[in-house]
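What follows is entry_3.txt (compact mmCIF, C-alpha atoms and all ligand atoms).
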# COMPACT_ATOMS: atom_id res chain seq x y z
CA MET Y 1 134.04 52.07 -19.18
CA VAL Y 2 131.89 51.14 -16.17
CA THR Y 3 130.67 48.06 -18.05
CA TYR Y 4 134.24 46.82 -18.53
CA VAL Y 5 134.91 47.36 -14.84
CA ALA Y 6 131.76 45.32 -14.10
CA ILE Y 7 132.97 42.53 -16.41
CA GLY Y 8 136.36 42.60 -14.68
CA LEU Y 9 134.73 42.42 -11.27
CA LEU Y 10 132.55 39.52 -12.42
CA ALA Y 11 135.65 37.63 -13.49
CA ILE Y 12 137.42 38.43 -10.22
CA LEU Y 13 134.39 37.43 -8.13
CA ALA Y 14 134.04 34.14 -9.97
CA SER Y 15 137.72 33.27 -9.65
CA ILE Y 16 137.94 34.27 -5.98
CA LYS Y 17 134.87 32.19 -5.20
CA ALA Y 18 136.11 29.22 -7.21
CA PHE Y 19 139.54 29.40 -5.59
CA HIS Y 20 137.96 29.75 -2.16
CA TYR Y 21 135.76 26.68 -2.75
CA TYR Y 22 138.67 24.51 -3.85
CA TYR Y 23 140.78 25.70 -0.94
CA GLN Y 24 138.02 24.96 1.58
CA ILE Y 25 137.02 21.61 0.14
CA LYS Y 26 140.51 20.28 0.68
CA ARG Y 27 140.17 20.70 4.44
CA ALA Y 28 136.52 19.72 4.77
CA PRO Y 29 136.09 17.18 7.58
CA SER Y 30 134.31 13.89 7.04
CA GLN Y 31 131.15 13.10 8.98
CA LYS Y 32 133.13 10.69 11.11
CA GLN Y 33 135.60 13.43 11.99
CA LEU Y 34 132.72 15.72 12.93
CA SER Y 35 131.38 13.07 15.32
CA LYS Y 36 134.83 12.72 16.84
CA LEU Y 37 135.14 16.47 17.21
CA VAL Y 38 131.85 16.65 19.12
CA LEU Y 39 132.70 13.68 21.33
CA SER Y 40 136.12 15.04 22.21
CA THR Y 41 134.71 18.52 22.87
CA LEU Y 42 132.22 17.01 25.29
CA ARG Y 43 134.88 14.91 27.00
CA ARG Y 44 136.98 18.02 27.46
CA GLY Y 45 133.98 20.02 28.62
CA GLN Y 46 133.38 17.48 31.36
CA SER Y 47 136.90 17.43 32.73
CA ASP Y 48 136.85 21.24 32.75
CA ARG Y 49 133.90 21.23 35.08
CA GLU Y 50 135.17 18.49 37.39
CA MET L 1 114.80 -6.19 46.24
CA ILE L 2 113.07 -3.24 44.59
CA LYS L 3 109.75 -3.88 42.92
CA LYS L 4 110.21 -3.50 39.17
CA ILE L 5 107.78 -1.30 37.31
CA ALA L 6 106.18 -2.02 33.95
CA VAL L 7 107.07 0.70 31.46
CA THR L 8 106.89 1.50 27.79
CA LEU L 9 109.99 3.08 26.34
CA LYS L 10 110.05 5.05 23.14
CA PRO L 11 112.29 3.45 20.51
CA TYR L 12 115.77 4.92 20.35
CA ASN L 13 116.34 7.07 17.32
CA ARG L 14 119.58 5.87 15.76
CA VAL L 15 121.51 8.19 13.45
CA PRO L 16 124.50 7.35 11.25
CA PHE L 17 126.61 10.04 12.94
CA VAL L 18 126.07 11.14 16.53
CA TYR L 19 126.42 14.87 15.92
CA GLN L 20 123.25 14.68 13.83
CA LYS L 21 121.31 14.40 17.09
CA LEU L 22 122.29 17.91 18.13
CA LYS L 23 120.04 20.90 17.87
CA ILE L 24 121.02 24.53 18.27
CA CYS L 25 118.95 27.54 19.29
CA ARG L 26 118.79 30.22 16.63
CA ASN L 27 118.47 32.84 19.30
CA CYS L 28 121.05 32.03 22.01
CA ARG L 29 123.19 29.23 20.45
CA HIS L 30 122.21 26.80 23.20
CA PHE L 31 122.92 23.19 22.14
CA THR L 32 120.71 20.28 23.13
CA VAL L 33 119.93 16.65 22.31
CA LEU L 34 116.59 16.77 24.07
CA GLY L 35 114.52 19.71 22.91
CA GLU L 36 111.84 19.31 20.31
CA ARG L 37 111.22 22.89 19.28
CA ASP L 38 111.45 25.36 22.14
CA CYS L 39 114.73 26.45 23.64
CA MET L 40 115.21 25.42 27.28
CA SER L 41 117.78 28.12 27.84
CA CYS L 42 116.22 31.32 26.50
CA GLY L 43 112.65 30.07 26.16
CA LYS L 44 112.26 31.06 22.51
CA THR L 45 109.42 29.07 20.96
CA GLY L 46 110.45 27.19 17.86
CA GLY L 47 114.02 28.36 18.43
CA LEU L 48 115.64 24.95 18.08
CA GLN L 49 116.96 23.73 14.78
CA PRO L 50 118.95 20.58 13.92
CA VAL L 51 122.61 21.55 13.49
CA GLU L 52 122.69 20.13 9.96
CA LYS L 53 119.76 22.28 8.94
CA ARG L 54 121.43 25.29 10.50
CA ALA L 55 124.68 24.65 8.61
CA ALA L 56 122.72 24.19 5.37
CA GLY L 57 121.02 27.53 6.02
CA ILE L 58 124.33 29.33 6.46
CA VAL L 59 125.74 27.83 3.27
CA ARG L 60 122.59 28.74 1.36
CA ARG L 61 122.74 32.30 2.67
CA ASP L 62 126.34 32.64 1.47
CA GLN L 63 125.40 31.32 -1.93
CA TRP L 64 122.48 33.72 -2.21
CA LEU L 65 124.74 36.60 -1.26
CA THR L 66 127.21 35.68 -4.01
CA GLY L 67 124.33 35.44 -6.48
CA LEU L 68 123.09 38.83 -5.43
CA ILE L 69 126.49 40.49 -5.93
CA LEU L 70 126.70 38.83 -9.33
CA LEU L 71 123.31 40.16 -10.30
CA LEU L 72 124.17 43.62 -9.02
CA LEU L 73 127.32 43.74 -11.15
CA ILE L 74 125.37 42.68 -14.23
CA VAL L 75 122.67 45.29 -13.64
CA ILE L 76 125.23 48.07 -13.12
CA GLY L 77 127.09 46.94 -16.23
CA LEU L 78 123.89 46.98 -18.28
CA LEU L 79 122.88 50.44 -17.08
CA PHE L 80 126.22 51.93 -18.08
CA SER L 81 126.63 49.92 -21.27
CA ALA L 82 127.64 52.26 -24.14
CA SER L 83 127.44 49.81 -27.07
CA ALA L 84 125.91 46.53 -28.19
CA LEU L 85 129.35 44.90 -27.97
CA GLN L 86 129.67 45.87 -24.29
CA THR L 87 126.20 44.47 -23.56
CA VAL L 88 127.00 41.18 -25.28
CA LEU L 89 130.34 40.87 -23.50
CA LEU L 90 128.74 41.64 -20.16
CA ILE L 91 125.96 39.09 -20.60
CA ALA L 92 128.44 36.45 -21.73
CA ALA L 93 130.70 37.11 -18.74
CA GLY L 94 127.73 37.14 -16.36
CA ALA L 95 126.38 33.88 -17.74
CA ALA L 96 129.80 32.24 -17.56
CA ALA L 97 130.37 33.37 -13.96
CA ALA L 98 126.89 32.27 -12.92
CA ALA L 99 127.30 28.87 -14.58
CA LEU L 100 130.70 28.33 -12.97
CA LEU L 101 129.53 29.31 -9.49
CA TRP L 102 126.32 27.33 -9.80
CA THR L 103 128.17 24.17 -10.84
CA LEU L 104 130.74 24.55 -8.10
CA SER L 105 128.24 25.24 -5.37
CA LYS L 106 126.10 22.33 -6.53
CA ARG L 107 129.08 20.02 -6.36
CA PHE L 108 130.57 21.28 -3.11
CA THR L 109 127.49 21.99 -1.01
CA PRO L 110 127.77 18.83 1.17
CA ALA L 111 131.43 19.59 1.94
CA LEU L 112 130.65 23.27 2.58
CA ARG L 113 128.00 22.24 5.07
CA ARG L 114 130.45 20.01 6.89
CA ILE L 115 132.89 22.92 7.09
CA GLN L 116 130.15 25.06 8.60
CA LEU L 117 129.41 22.35 11.15
CA GLN L 118 133.07 22.13 12.07
CA LYS L 119 133.21 25.89 12.53
CA MET L 120 130.06 25.79 14.64
CA PHE L 121 131.39 23.07 16.95
CA GLN L 122 134.78 24.71 17.32
CA GLN L 123 133.54 28.24 17.79
CA TYR L 124 130.82 27.29 20.27
CA SER L 125 132.53 24.45 22.08
CA TYR L 126 131.73 26.00 25.44
CA GLU L 127 128.02 26.30 24.57
CA LEU L 128 128.11 22.70 23.35
CA ALA L 129 129.51 21.36 26.62
CA SER L 130 127.29 23.50 28.82
CA GLY L 131 124.23 22.66 26.69
CA LEU L 132 124.67 18.95 27.34
CA ALA L 133 125.22 19.65 31.05
CA ILE L 134 121.91 21.54 31.09
CA ASP L 135 120.28 18.56 29.37
CA HIS L 136 121.59 16.33 32.14
CA GLN L 137 120.19 18.65 34.81
CA ALA L 138 116.84 18.57 33.02
CA ALA L 139 116.91 14.76 33.16
CA ILE L 140 117.60 14.87 36.89
CA ARG L 141 114.68 17.25 37.34
CA VAL L 142 112.36 14.85 35.49
CA PHE L 143 113.64 12.04 37.73
CA GLN L 144 112.81 14.07 40.83
CA GLU L 145 109.34 14.62 39.45
CA GLY L 146 109.03 10.84 39.36
CA ASP L 147 108.95 10.08 35.62
CA LYS L 148 111.55 7.33 35.44
CA PRO L 149 110.97 6.09 31.87
CA ARG L 150 111.25 9.63 30.52
CA THR L 151 114.41 10.16 32.59
CA TYR L 152 115.92 7.05 31.05
CA GLU L 153 115.01 8.19 27.55
CA MET L 154 116.64 11.55 28.21
CA LEU L 155 119.80 10.00 29.66
CA ARG L 156 119.97 7.63 26.70
CA GLU L 157 119.97 10.60 24.31
CA ILE L 158 122.62 12.47 26.31
CA GLY L 159 124.63 9.26 26.59
CA SER L 160 124.86 9.01 22.82
CA LEU L 161 127.16 12.04 22.94
CA VAL L 162 128.55 12.12 26.46
CA HIS L 163 130.45 8.96 27.29
CA ASN L 164 131.12 8.74 31.00
CA ASP L 165 130.64 6.10 33.65
CA GLN L 166 128.35 8.20 35.80
CA LEU L 167 125.84 8.66 33.01
CA LYS L 168 126.04 4.97 32.11
CA LEU L 169 125.49 3.99 35.72
CA GLU L 170 122.47 6.26 36.02
CA GLN L 171 120.94 4.57 32.97
CA ILE L 172 121.66 1.10 34.30
CA MET L 173 120.19 1.92 37.72
CA LEU L 174 117.01 3.12 36.04
CA LEU L 175 116.83 0.10 33.74
CA GLN L 176 117.16 -2.14 36.78
CA THR L 177 113.94 -0.66 38.17
CA PHE L 178 112.02 -1.53 34.98
CA GLN L 179 110.48 -4.83 33.95
CA LEU L 180 112.59 -5.41 30.85
CA ARG L 181 111.07 -7.20 27.89
CA LYS L 182 112.36 -8.69 24.68
CA ASP L 183 110.46 -6.23 22.51
CA MET L 184 111.98 -3.15 24.15
CA ASP L 185 114.57 -1.10 22.34
CA LEU L 186 117.44 -1.89 24.70
CA MET L 187 121.19 -1.47 24.41
CA LEU L 188 124.18 -2.95 26.11
CA GLU L 189 127.54 -2.20 24.51
CA PRO L 190 127.20 1.60 24.89
CA LEU L 191 126.62 1.11 28.62
CA LEU L 192 129.77 -0.91 29.27
CA MET L 193 132.11 0.87 31.67
CA ASP L 194 135.80 0.57 32.35
CA SER L 195 135.42 -0.29 36.01
CA PHE L 196 133.62 -3.15 37.69
CA SER L 197 129.98 -2.42 38.56
CA PRO L 198 127.64 -4.99 40.16
CA ASP L 199 124.65 -3.15 38.67
CA LEU L 200 126.08 -3.45 35.20
CA VAL L 201 126.78 -7.15 35.75
CA ALA L 202 123.20 -7.68 36.93
CA TYR L 203 121.96 -5.88 33.81
CA ILE L 204 124.20 -8.03 31.59
CA GLY L 205 122.73 -11.08 33.31
CA GLU L 206 119.25 -9.93 32.44
CA MET L 207 120.24 -9.22 28.82
CA ALA L 208 121.78 -12.70 28.59
CA LYS L 209 118.31 -14.02 29.36
CA ILE L 210 116.10 -11.83 27.18
CA ARG L 211 118.36 -10.30 24.52
CA ARG L 212 121.28 -12.62 23.82
CA ASP L 213 121.86 -10.86 20.51
CA LEU L 214 123.07 -7.76 22.39
CA ILE L 215 125.94 -9.66 23.99
CA LYS L 216 128.99 -9.18 21.83
CA GLU L 217 132.80 -9.04 22.02
CA ASN L 218 133.04 -6.11 24.43
CA THR L 219 130.66 -7.73 26.88
CA PHE L 220 132.59 -11.02 26.86
CA ARG L 221 135.77 -9.07 27.42
CA TYR L 222 134.19 -7.12 30.28
CA MET L 223 133.00 -10.31 31.98
CA LEU L 224 136.41 -11.97 31.66
CA GLN L 225 138.23 -8.87 32.84
CA HIS L 226 136.18 -8.64 36.04
CA GLU L 227 135.52 -12.34 36.50
CA MET L 228 136.98 -12.51 40.00
CA TYR L 229 134.79 -9.68 41.28
CA ILE L 230 131.74 -11.13 39.55
CA LEU L 231 132.27 -14.50 41.20
CA ASN L 232 132.10 -12.73 44.56
CA MET L 233 128.60 -11.50 43.76
CA PRO L 234 125.69 -13.58 45.16
CA ASN L 235 124.61 -14.85 41.72
CA GLY L 236 127.75 -13.95 39.84
CA GLU L 237 128.34 -17.47 38.64
CA THR L 238 124.83 -17.66 37.16
CA VAL L 239 125.44 -14.45 35.21
CA LEU L 240 128.77 -15.76 33.91
CA ALA L 241 127.09 -18.99 32.83
CA ALA L 242 124.32 -17.05 31.09
CA VAL L 243 126.92 -15.00 29.24
CA ALA L 244 128.78 -18.19 28.29
CA GLY L 245 125.41 -19.40 27.00
CA ALA L 246 125.26 -16.30 24.78
CA ALA L 247 128.75 -17.01 23.46
CA VAL L 248 127.51 -20.32 22.08
CA ARG L 249 125.47 -18.28 19.60
CA LYS L 250 128.31 -17.89 17.13
CA SER L 251 131.29 -20.07 16.35
CA ARG L 252 133.39 -16.91 16.20
CA TYR L 253 132.71 -16.23 19.87
CA MET L 254 133.42 -19.85 20.77
CA THR L 255 136.77 -19.58 19.03
CA MET L 256 137.58 -16.26 20.66
CA TYR L 257 136.59 -17.02 24.24
CA PRO L 258 137.30 -20.71 24.87
CA TYR L 259 138.23 -20.16 28.51
CA LEU L 260 134.91 -18.57 29.34
CA LEU L 261 133.26 -21.68 27.93
CA ILE L 262 135.64 -24.12 29.59
CA ARG L 263 134.92 -22.62 32.97
CA TYR L 264 131.14 -22.38 32.66
CA ALA L 265 130.21 -25.16 30.21
CA ARG L 266 129.13 -27.34 33.11
CA LEU L 267 126.46 -24.80 34.09
CA LEU L 268 124.96 -24.40 30.61
CA PRO L 269 121.38 -25.54 30.01
CA LYS L 270 120.98 -28.48 27.67
CA ASP L 271 120.14 -26.58 24.47
CA ARG L 272 123.15 -24.30 24.92
CA PHE L 273 125.44 -27.19 25.75
CA LEU L 274 124.25 -29.06 22.68
CA ARG L 275 125.38 -26.20 20.45
CA LEU L 276 128.73 -26.10 22.21
CA TYR L 277 129.02 -29.86 21.87
CA LYS L 278 128.48 -29.69 18.11
CA PHE L 279 131.08 -26.96 17.80
CA ALA L 280 133.63 -28.77 19.99
CA LYS L 281 133.10 -32.00 18.08
CA SER L 282 133.95 -30.29 14.82
CA ALA L 283 137.09 -28.80 16.41
CA ARG L 284 138.18 -32.27 17.55
CA SER L 285 140.96 -31.23 19.91
CA GLY L 286 142.11 -28.61 22.41
CA PRO L 287 141.25 -27.88 26.04
CA LEU L 288 137.67 -26.83 25.16
CA TYR L 289 137.11 -30.11 23.33
CA ASP L 290 138.45 -32.10 26.30
CA GLU L 291 136.24 -30.32 28.80
CA VAL L 292 133.12 -30.55 26.63
CA MET L 293 133.66 -34.26 26.09
CA ARG L 294 134.14 -34.77 29.82
CA ILE L 295 130.80 -33.09 30.56
CA TYR L 296 129.16 -34.98 27.73
CA GLU L 297 130.35 -38.30 29.14
CA GLU L 298 129.11 -37.37 32.60
CA LYS L 299 125.76 -35.79 31.85
CA PHE L 300 124.51 -36.30 28.32
CA LYS L 301 125.96 -39.55 27.04
CA TRP L 302 122.59 -41.28 26.95
CA ASP L 303 120.61 -38.24 25.85
CA PRO L 304 118.88 -38.93 22.48
CA ASP L 305 119.35 -35.32 21.31
CA PHE L 306 123.08 -35.83 21.48
CA GLN L 307 123.02 -39.11 19.58
CA ASN L 308 121.96 -37.38 16.35
CA ALA L 309 124.34 -34.45 16.79
ZN ZN Q 401 117.75 29.79 23.08
If you took the structure in this file and wrote it as structure tokens, what would it be?
Amino acid sequence: MVTYVAIGLLAILASIKAFHYYYQIKRAPSQKQLSKLVLSTLRRGQSDRE
Amino acid sequence: MIKKIAVTLKPYNRVPFVYQKLKICRNCRHFTVLGERDCMSCGKTGGLQPVEKRAAGIVRRDQWLTGLILLLLIVIGLLFSASALQTVLLIAAGAAAAALLWTLSKRFTPALRRIQLQKMFQQYSYELASGLAIDHQAAIRVFQEGDKPRTYEMLREIGSLVHNDQLKLEQIMLLQTFQLRKDMDLMLEPLLMDSFSPDLVAYIGEMAKIRRDLIKENTFRYMLQHEMYILNMPNGETVLAAVAGAAVRKSRYMTMYPYLLIRYARLLPKDRFLRLYKFAKSARSGPLYDEVMRIYEEKFKWDPDFQNA
């Protein structure tokens, strides 16, 4: 019985992970977007301090 | 006039994407573009790590954790297996899950790392901004200690991420105290500001002499935009002529900025004017052509170099 539960959990783990990967990949930023994010954060950070 | 000092500058380390210059402290999450290994904020030795490496580490840790859970489930299943059929089924399911997750993680690792980086920058945006401010203070401290070349190198690194006129001006002021040479790793376009600055114009003038290749569209635009102010400077006209001389480098620039050339063609040295003359001759008409021909008639009509052109 326990073995079947383990098999079930394996299947669930694999599908959750796979689903999670696909979901995340869709909203992964490009390297250019990451650069922009950093630059805009730093621009904002400056005006906060001024 | 300040006496210019001879310096050696380290070459600038260019990266495809600016965020790749950032490092983060493993201990206190202090961000920096300056540190080599030790954290300036908490003092931890070897605490600094490039952000990309850090993101890769987090992704790897997640993947190991998933692998561990997978293994744990297989081991528990095996221990409680009551028949050969159960064992076979379990191993098949385990192998399938492992293969699926391995393939996916292999394929998606670069994207997963970028997601981690995004999270890191968003979550620690305050640390990011204050980290760069601390870097700037460190540069000012080095300046006060008297090491100008090192200060410039530090400001140049900070300037790759923080784009403001003050930082640009500080770099230009330092550069103006150095004896600049052709073989130095210099830059111009990243230092262009929005407002008029005589120091920047003087620097552009120097670049027009030793590194014409650095003078590009944005510089021409800057010179034209602030032309009236530049002409009020003691040697403003000379700088404008030198920049016009740099525009002669490419026919694209001559097509794009004819008025700069019309106004300063008369002040160009012979070799520069010859290039402009060849270009204007091929264009055959227009206000630039008229002006160039007028100067040619006045100054170079009998010059043998122009006869063969
Ligand atoms: Zn630290």
Using only C-alpha atoms and all ligand atoms, which residues of the polymer chains come no farther than 6 Å from ligand ZN 401 (chain Q)? I'd like the answer as a short mmCIF file (atom, residue, chain, number, x, y, z; two decimals) with C-alpha atoms, in the coordinates of the input.
data_model
loop_
_atom_site.label_atom_id
_atom_site.label_comp_id
_atom_site.auth_asym_id
_atom_site.auth_seq_id
_atom_site.Cartn_x
_atom_site.Cartn_y
_atom_site.Cartn_z
CA CYS L 25 118.95 27.54 19.29
CA ASN L 27 118.47 32.84 19.30
CA CYS L 28 121.05 32.03 22.01
CA HIS L 30 122.21 26.80 23.20
CA CYS L 39 114.73 26.45 23.64
CA SER L 41 117.78 28.12 27.84
CA CYS L 42 116.22 31.32 26.50
CA GLY L 43 112.65 30.07 26.16
CA LYS L 44 112.26 31.06 22.51
#
With a distance cut-off of 12 Å and only C-alpha atoms, select the neighbouring residues of Asp305 (chain L), excluding the residue or stretch itself and same-chain residues fewer than 2 positions from it, and output the selection as a list in words.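 The filter keeps Lys270, Asp271, Phe273, Leu274, Arg275, Tyr277, Lys278, Tyr296, Phe300, Lys301, Trp302, Asp303, Gln307, Asn308 and Ala309 of chain L.
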Please build the interface table for chain Y against chain L with a cut-off of 8 Å, listing for each qualifying residue the nearest atom pair and the distance in Å to one decimal; count all atoms listed in the file, order rows by chain and increasing number, and write it as a tab-separated table.
residue	atom	partner	partner_atom	distance
Y:Met1	CA	L:Phe80	CA	7.9
Y:Val2	CA	L:Phe80	CA	6.0
Y:Thr3	CA	L:Gly77	CA	4.2
Y:Tyr4	CA	L:Gln86	CA	7.4
Y:Val5	CA	L:Gly77	CA	8.0
Y:Ala6	CA	L:Gly77	CA	5.4
Y:Ile7	CA	L:Leu90	CA	5.7
Y:Leu9	CA	L:Leu73	CA	7.5
Y:Leu10	CA	L:Leu70	CA	6.7
Y:Ala11	CA	L:Ala97	CA	6.8
Y:Leu13	CA	L:Leu70	CA	7.9
Y:Ala14	CA	L:Ala97	CA	5.5
Y:Lys17	CA	L:Leu101	CA	7.4
Y:Ala18	CA	L:Leu101	CA	7.0
Y:Tyr21	CA	L:Phe108	CA	7.5
Y:Gln24	CA	L:Leu112	CA	7.6
Y:Ile25	CA	L:Ala111	CA	6.2
Y:Ala28	CA	L:Ile115	CA	5.4
Y:Pro29	CA	L:Arg114	CA	6.3
Y:Ser30	CA	L:Arg114	CA	7.2
Y:Gln31	CA	L:Phe17	CA	6.8
Y:Lys32	CA	L:Phe17	CA	6.8
Y:Leu34	CA	L:Gln118	CA	6.5
Y:Ser35	CA	L:Tyr19	CA	5.3
Y:Leu37	CA	L:Phe121	CA	7.6
Y:Val38	CA	L:Tyr19	CA	6.5
Y:Leu39	CA	L:Leu161	CA	6.0
Y:Thr41	CA	L:Ser125	CA	6.4
Y:Leu42	CA	L:Ala129	CA	5.3
Y:Arg43	CA	L:Val162	CA	6.9
Y:Gly45	CA	L:Ala129	CA	5.1
Y:Gln46	CA	L:Ala129	CA	7.2
Residues just named, written with C-alpha atoms as a PDB file, in the coordinates of the input:
ATOM      1  CA  MET Y   1     134.040  52.070 -19.180  1.00  0.00           C
ATOM      2  CA  VAL Y   2     131.890  51.140 -16.170  1.00  0.00           C
ATOM      3  CA  THR Y   3     130.670  48.060 -18.050  1.00  0.00           C
ATOM      4  CA  TYR Y   4     134.240  46.820 -18.530  1.00  0.00           C
ATOM      5  CA  VAL Y   5     134.910  47.360 -14.840  1.00  0.00           C
ATOM      6  CA  ALA Y   6     131.760  45.320 -14.100  1.00  0.00           C
ATOM      7  CA  ILE Y   7     132.970  42.530 -16.410  1.00  0.00           C
ATOM      8  CA  LEU Y   9     134.730  42.420 -11.270  1.00  0.00           C
ATOM      9  CA  LEU Y  10     132.550  39.520 -12.420  1.00  0.00           C
ATOM     10  CA  ALA Y  11     135.650  37.630 -13.490  1.00  0.00           C
ATOM     11  CA  LEU Y  13     134.390  37.430  -8.130  1.00  0.00           C
ATOM     12  CA  ALA Y  14     134.040  34.140  -9.970  1.00  0.00           C
ATOM     13  CA  LYS Y  17     134.870  32.190  -5.200  1.00  0.00           C
ATOM     14  CA  ALA Y  18     136.110  29.220  -7.210  1.00  0.00           C
ATOM     15  CA  TYR Y  21     135.760  26.680  -2.750  1.00  0.00           C
ATOM     16  CA  GLN Y  24     138.020  24.960   1.580  1.00  0.00           C
ATOM     17  CA  ILE Y  25     137.020  21.610   0.140  1.00  0.00           C
ATOM     18  CA  ALA Y  28     136.520  19.720   4.770  1.00  0.00           C
ATOM     19  CA  PRO Y  29     136.090  17.180   7.580  1.00  0.00           C
ATOM     20  CA  SER Y  30     134.310  13.890   7.040  1.00  0.00           C
ATOM     21  CA  GLN Y  31     131.150  13.100   8.980  1.00  0.00           C
ATOM     22  CA  LYS Y  32     133.130  10.690  11.110  1.00  0.00           C
ATOM     23  CA  LEU Y  34     132.720  15.720  12.930  1.00  0.00           C
ATOM     24  CA  SER Y  35     131.380  13.070  15.320  1.00  0.00           C
ATOM     25  CA  LEU Y  37     135.140  16.470  17.210  1.00  0.00           C
ATOM     26  CA  VAL Y  38     131.850  16.650  19.120  1.00  0.00           C
ATOM     27  CA  LEU Y  39     132.700  13.680  21.330  1.00  0.00           C
ATOM     28  CA  THR Y  41     134.710  18.520  22.870  1.00  0.00           C
ATOM     29  CA  LEU Y  42     132.220  17.010  25.290  1.00  0.00           C
ATOM     30  CA  ARG Y  43     134.880  14.910  27.000  1.00  0.00           C
ATOM     31  CA  GLY Y  45     133.980  20.020  28.620  1.00  0.00           C
ATOM     32  CA  GLN Y  46     133.380  17.480  31.360  1.00  0.00           C
TER      33      GLN Y  46
END
Between L:Leu34, L:Val201, L:Leu9, L:Ile134, which is the closest to Met154 (chain L) once you count all atoms listed in the file?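 Closest to Met154 (chain L) of all the choices is L:Leu34.
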Would you list the contacts of Lys148 (chain L) as a PDB file with C-alpha atoms, in the coordinates of the input, taking every protein, DNA or RNA residue within 10 Å and counting only C-alpha atoms, but skipping same-chain residues closer than 2 positions in sequence?
ATOM      1  CA  ILE L   5     107.780  -1.300  37.310  1.00  0.00           C
ATOM      2  CA  VAL L   7     107.070   0.700  31.460  1.00  0.00           C
ATOM      3  CA  ALA L 139     116.910  14.760  33.160  1.00  0.00           C
ATOM      4  CA  ILE L 140     117.600  14.870  36.890  1.00  0.00           C
ATOM      5  CA  VAL L 142     112.360  14.850  35.490  1.00  0.00           C
ATOM      6  CA  PHE L 143     113.640  12.040  37.730  1.00  0.00           C
ATOM      7  CA  GLN L 144     112.810  14.070  40.830  1.00  0.00           C
ATOM      8  CA  GLU L 145     109.340  14.620  39.450  1.00  0.00           C
ATOM      9  CA  GLY L 146     109.030  10.840  39.360  1.00  0.00           C
ATOM     10  CA  ARG L 150     111.250   9.630  30.520  1.00  0.00           C
ATOM     11  CA  THR L 151     114.410  10.160  32.590  1.00  0.00           C
ATOM     12  CA  TYR L 152     115.920   7.050  31.050  1.00  0.00           C
ATOM     13  CA  GLU L 153     115.010   8.190  27.550  1.00  0.00           C
ATOM     14  CA  MET L 154     116.640  11.550  28.210  1.00  0.00           C
ATOM     15  CA  LEU L 174     117.010   3.120  36.040  1.00  0.00           C
ATOM     16  CA  LEU L 175     116.830   0.100  33.740  1.00  0.00           C
ATOM     17  CA  THR L 177     113.940  -0.660  38.170  1.00  0.00           C
ATOM     18  CA  PHE L 178     112.020  -1.530  34.980  1.00  0.00           C
TER      19      PHE L 178
END
List the neighbours of Phe220 (chain L) out to 12 Å using all atoms listed in the file; skip same-chain residues closer than 2 positions along the sequence, and give me the result as number ranges by chain. L: 188-189, 192, 201, 204-205, 208, 212, 214-218, 222-227, 239-248, 253-254, 256-261
Between CA of Ser197 (chain L) and CA of Leu180 (chain L), what distance in Å does the model show, to one decimal?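 Spanning CA of Ser197 (chain L) to CA of Leu180 (chain L) is a straight-line distance of 19.3 Å.
Here CA of Val15 (chain L) is placed at a distance of 13.4 Å from CA of Val51 (chain L).
You will find CA of Gly46 (chain L) at 14.9 Å from CA of Val33 (chain L).
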Do you know which residues are at most 8 Å from region 171-173 of chain L counting all atoms listed in the file, after dropping those on the same chain fewer than 5 positions away, and could you put them as a list in words?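 Selected residues are Tyr152, Leu155, Arg156, Leu191, Asp199, Leu200 and Tyr203 of chain L.
Of the residues listed (L:Leu276, L:Ser195, L:Pro269, L:Leu169), L:Pro269 shows the shortest atom-to-atom separation from Lys209 (chain L); distances use all atoms listed in the file.
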